[in-house]
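What follows is a set of notes on a single structure, which appears directly below.
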Amino acid sequence: MVGDDGFLVITPRVWIPEMSEEQIIKFGSKIKPIKRFGGILCHIKTSSDLFGPCFFNSERTKDAVGLKRIHRQVTYHAYGHRPTICLSASIAEIVAQIPERLIDRIVAFEVEPELKQNPEALAAGYHTAVTWFYEQEQSAQLQ
C-alpha cells in the first residue's frame with residue numbers, strides 16, 4: 001500500500017483478526033469444539049472460558065452426529081510466553097478467524113495440528129493448525 005506521501009507503507013501482518021468480546025461470546029456459545037477419538041468425531045468437555053485452551057485434557061462427551069464439513073483453513077494460535085510443542089487453541093481464537101460469510105452457519109470446529117509449521121508465524125509467536133468448520137446437516141435440523 002502506498003501512503004499519501006507516495007512512500008510504501010508496510011503494515012504488520014494480523015495473524016488473528018480482532019473481534020469484540022461481545023461477538024466472541026455470541027458465536028462462541030454456539031460454536032463447539034469437536035475432536036476425533038479412535039476415528040469417531042465427538043463433542044468434548046471444555047472450560048467455560050472462551051479465551052483459554054479448549055483442548056487441554058479434552059474429554060469426550062458425546063458423538064458429534066449430523067454435522068457436515070463445509071470449510072477448511074489454516075488457523076493461528078498464540079503459544080503464550082514461550083514456544084511449546086503443544087497446540088493450545090482457544091475458542092475465541094477460532095471464532096475470530098471464521099470467515100464472515102460462514103460464521104452464522106458454523107456450529108462446530110475440528111483442529112488438526114499442522115505438521116509443517118509456518119516459520120514466519122512461529123517467529124511471531126503463533127502455532128499453525130488446519131481447522132475444519134462444520135454446519136448442521138439439513139436432515140439433522142429437521143428432527
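Labels used: A, B, ... for chains in the order of the C-alpha cells, numbers from 1 for residues in each chain, and numbers from 1 for ligands as shown.
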Close residues, range 24-35 of chain A itself excluded, 10 Å, only C-alpha atoms, min 3 positions apart in chain, as a ChimeraX atom specification:
/A:18-21,38-46,48-51,54-55,58-64,90-96,103-112,132-135
Among range 9-63 of chain A, which ones does DSSP assign to strand (DSSP E or B) (computed from the backbone)? Answer as a PDB file with N, CA and C atoms, in the first residue's frame.
ATOM      1  N   LYS A  32     -18.990 -25.102  18.834  1.00  0.00           N
ATOM      2  CA  LYS A  32     -18.338 -26.003  19.796  1.00  0.00           C
ATOM      3  C   LYS A  32     -17.163 -26.760  19.192  1.00  0.00           C
ATOM      4  N   PRO A  33     -16.130 -26.995  19.991  1.00  0.00           N
ATOM      5  CA  PRO A  33     -15.011 -27.804  19.512  1.00  0.00           C
ATOM      6  C   PRO A  33     -15.379 -29.282  19.488  1.00  0.00           C
ATOM      7  N   ILE A  34     -14.884 -29.960  18.472  1.00  0.00           N
ATOM      8  CA  ILE A  34     -15.067 -31.407  18.360  1.00  0.00           C
ATOM      9  C   ILE A  34     -13.695 -32.016  18.083  1.00  0.00           C
ATOM     10  N   LYS A  35     -13.573 -33.301  18.359  1.00  0.00           N
ATOM     11  CA  LYS A  35     -12.283 -33.978  18.225  1.00  0.00           C
ATOM     12  C   LYS A  35     -12.536 -35.438  17.881  1.00  0.00           C
ATOM     13  N   ARG A  36     -11.589 -36.044  17.193  1.00  0.00           N
ATOM     14  CA  ARG A  36     -11.711 -37.466  16.852  1.00  0.00           C
ATOM     15  C   ARG A  36     -11.096 -38.327  17.955  1.00  0.00           C
ATOM     16  N   PHE A  37     -11.855 -39.330  18.352  1.00  0.00           N
ATOM     17  CA  PHE A  37     -11.389 -40.334  19.310  1.00  0.00           C
ATOM     18  C   PHE A  37     -11.536 -41.675  18.604  1.00  0.00           C
ATOM     19  N   ILE A  40     -13.741 -41.559  15.584  1.00  0.00           N
ATOM     20  CA  ILE A  40     -15.124 -41.110  15.767  1.00  0.00           C
ATOM     21  C   ILE A  40     -15.113 -39.651  16.200  1.00  0.00           C
ATOM     22  N   LEU A  41     -15.859 -38.837  15.473  1.00  0.00           N
ATOM     23  CA  LEU A  41     -15.946 -37.416  15.775  1.00  0.00           C
ATOM     24  C   LEU A  41     -16.851 -37.214  16.991  1.00  0.00           C
ATOM     25  N   CYS A  42     -16.330 -36.500  18.001  1.00  0.00           N
ATOM     26  CA  CYS A  42     -17.058 -36.344  19.265  1.00  0.00           C
ATOM     27  C   CYS A  42     -17.009 -34.901  19.765  1.00  0.00           C
ATOM     28  N   HIS A  43     -18.037 -34.524  20.475  1.00  0.00           N
ATOM     29  CA  HIS A  43     -18.007 -33.263  21.215  1.00  0.00           C
ATOM     30  C   HIS A  43     -17.099 -33.489  22.412  1.00  0.00           C
ATOM     31  N   ILE A  44     -16.485 -32.427  22.887  1.00  0.00           N
ATOM     32  CA  ILE A  44     -15.605 -32.553  24.038  1.00  0.00           C
ATOM     33  C   ILE A  44     -16.016 -31.588  25.133  1.00  0.00           C
ATOM     34  N   LYS A  45     -15.690 -31.978  26.360  1.00  0.00           N
ATOM     35  CA  LYS A  45     -15.935 -31.134  27.519  1.00  0.00           C
ATOM     36  C   LYS A  45     -14.917 -29.993  27.478  1.00  0.00           C
ATOM     37  N   PRO A  53      -7.356 -22.327  26.659  1.00  0.00           N
ATOM     38  CA  PRO A  53      -7.205 -23.517  25.803  1.00  0.00           C
ATOM     39  C   PRO A  53      -8.440 -24.408  25.890  1.00  0.00           C
ATOM     40  N   GLU A  59     -11.946 -34.202  27.050  1.00  0.00           N
ATOM     41  CA  GLU A  59     -12.699 -35.383  27.460  1.00  0.00           C
ATOM     42  C   GLU A  59     -13.925 -35.516  26.571  1.00  0.00           C
ATOM     43  N   ARG A  60     -14.101 -36.679  26.017  1.00  0.00           N
ATOM     44  CA  ARG A  60     -15.224 -36.975  25.121  1.00  0.00           C
ATOM     45  C   ARG A  60     -16.544 -36.880  25.895  1.00  0.00           C
ATOM     46  N   THR A  61     -17.538 -36.199  25.305  1.00  0.00           N
ATOM     47  CA  THR A  61     -18.841 -36.136  25.964  1.00  0.00           C
ATOM     48  C   THR A  61     -19.898 -36.933  25.207  1.00  0.00           C
ATOM     49  N   LYS A  62     -19.998 -36.729  23.889  1.00  0.00           N
ATOM     50  CA  LYS A  62     -20.954 -37.491  23.079  1.00  0.00           C
ATOM     51  C   LYS A  62     -20.507 -37.446  21.623  1.00  0.00           C
ATOM     52  N   ASP A  63     -20.995 -38.397  20.829  1.00  0.00           N
ATOM     53  CA  ASP A  63     -20.663 -38.416  19.409  1.00  0.00           C
ATOM     54  C   ASP A  63     -21.221 -37.165  18.742  1.00  0.00           C
TER      55      ASP A  63
END
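Closest approach to Ile98 in chain A among A:Pro17, A:Gly125, A:Pro119, A:Gly52 is made by A:Pro17 (distances from only C-alpha atoms).
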Please return as a list in words: the residues of range 8-129 of chain A that backbone DSSP assigns to alpha helix (DSSP H).
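So, restricting range 8-129 of chain A to alpha helix (DSSP H), we get Glu21, Glu22, Gln23, Ile24, Ile25, Lys26, Phe27, Gly28, Ile91, Ala92, Glu93, Ile94, Val95, Ala96, Gln97, Pro119, Glu120, Ala121, Leu122, Ala123 and Ala124 of chain A.
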Using only C-alpha atoms, please write the residues we just selected to a file, as a PDB file, in the first residue's frame.
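Generated file (part08.pdb):
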ATOM      1  CA  GLU A  21     -15.647  -9.788  23.286  1.00  0.00           C
ATOM      2  CA  GLU A  22     -19.411  -9.479  22.764  1.00  0.00           C
ATOM      3  CA  GLN A  23     -19.151 -11.122  19.321  1.00  0.00           C
ATOM      4  CA  ILE A  24     -16.854 -13.858  20.647  1.00  0.00           C
ATOM      5  CA  ILE A  25     -19.347 -14.640  23.417  1.00  0.00           C
ATOM      6  CA  LYS A  26     -22.255 -14.608  20.942  1.00  0.00           C
ATOM      7  CA  PHE A  27     -20.651 -17.014  18.477  1.00  0.00           C
ATOM      8  CA  GLY A  28     -18.502 -18.918  20.967  1.00  0.00           C
ATOM      9  CA  ILE A  91     -12.495 -20.950  21.102  1.00  0.00           C
ATOM     10  CA  ALA A  92     -12.016 -17.161  20.877  1.00  0.00           C
ATOM     11  CA  GLU A  93      -9.035 -17.584  18.510  1.00  0.00           C
ATOM     12  CA  ILE A  94     -11.002 -19.944  16.282  1.00  0.00           C
ATOM     13  CA  VAL A  95     -14.173 -17.821  16.223  1.00  0.00           C
ATOM     14  CA  ALA A  96     -12.196 -14.695  15.310  1.00  0.00           C
ATOM     15  CA  GLN A  97     -10.769 -16.494  12.260  1.00  0.00           C
ATOM     16  CA  PRO A 119       8.357 -20.208  10.219  1.00  0.00           C
ATOM     17  CA  GLU A 120       7.037 -16.629   9.955  1.00  0.00           C
ATOM     18  CA  ALA A 121       4.131 -17.449  12.282  1.00  0.00           C
ATOM     19  CA  LEU A 122       6.430 -19.235  14.758  1.00  0.00           C
ATOM     20  CA  ALA A 123       8.750 -16.224  14.842  1.00  0.00           C
ATOM     21  CA  ALA A 124       5.724 -14.013  15.596  1.00  0.00           C
TER      22      ALA A 124
END
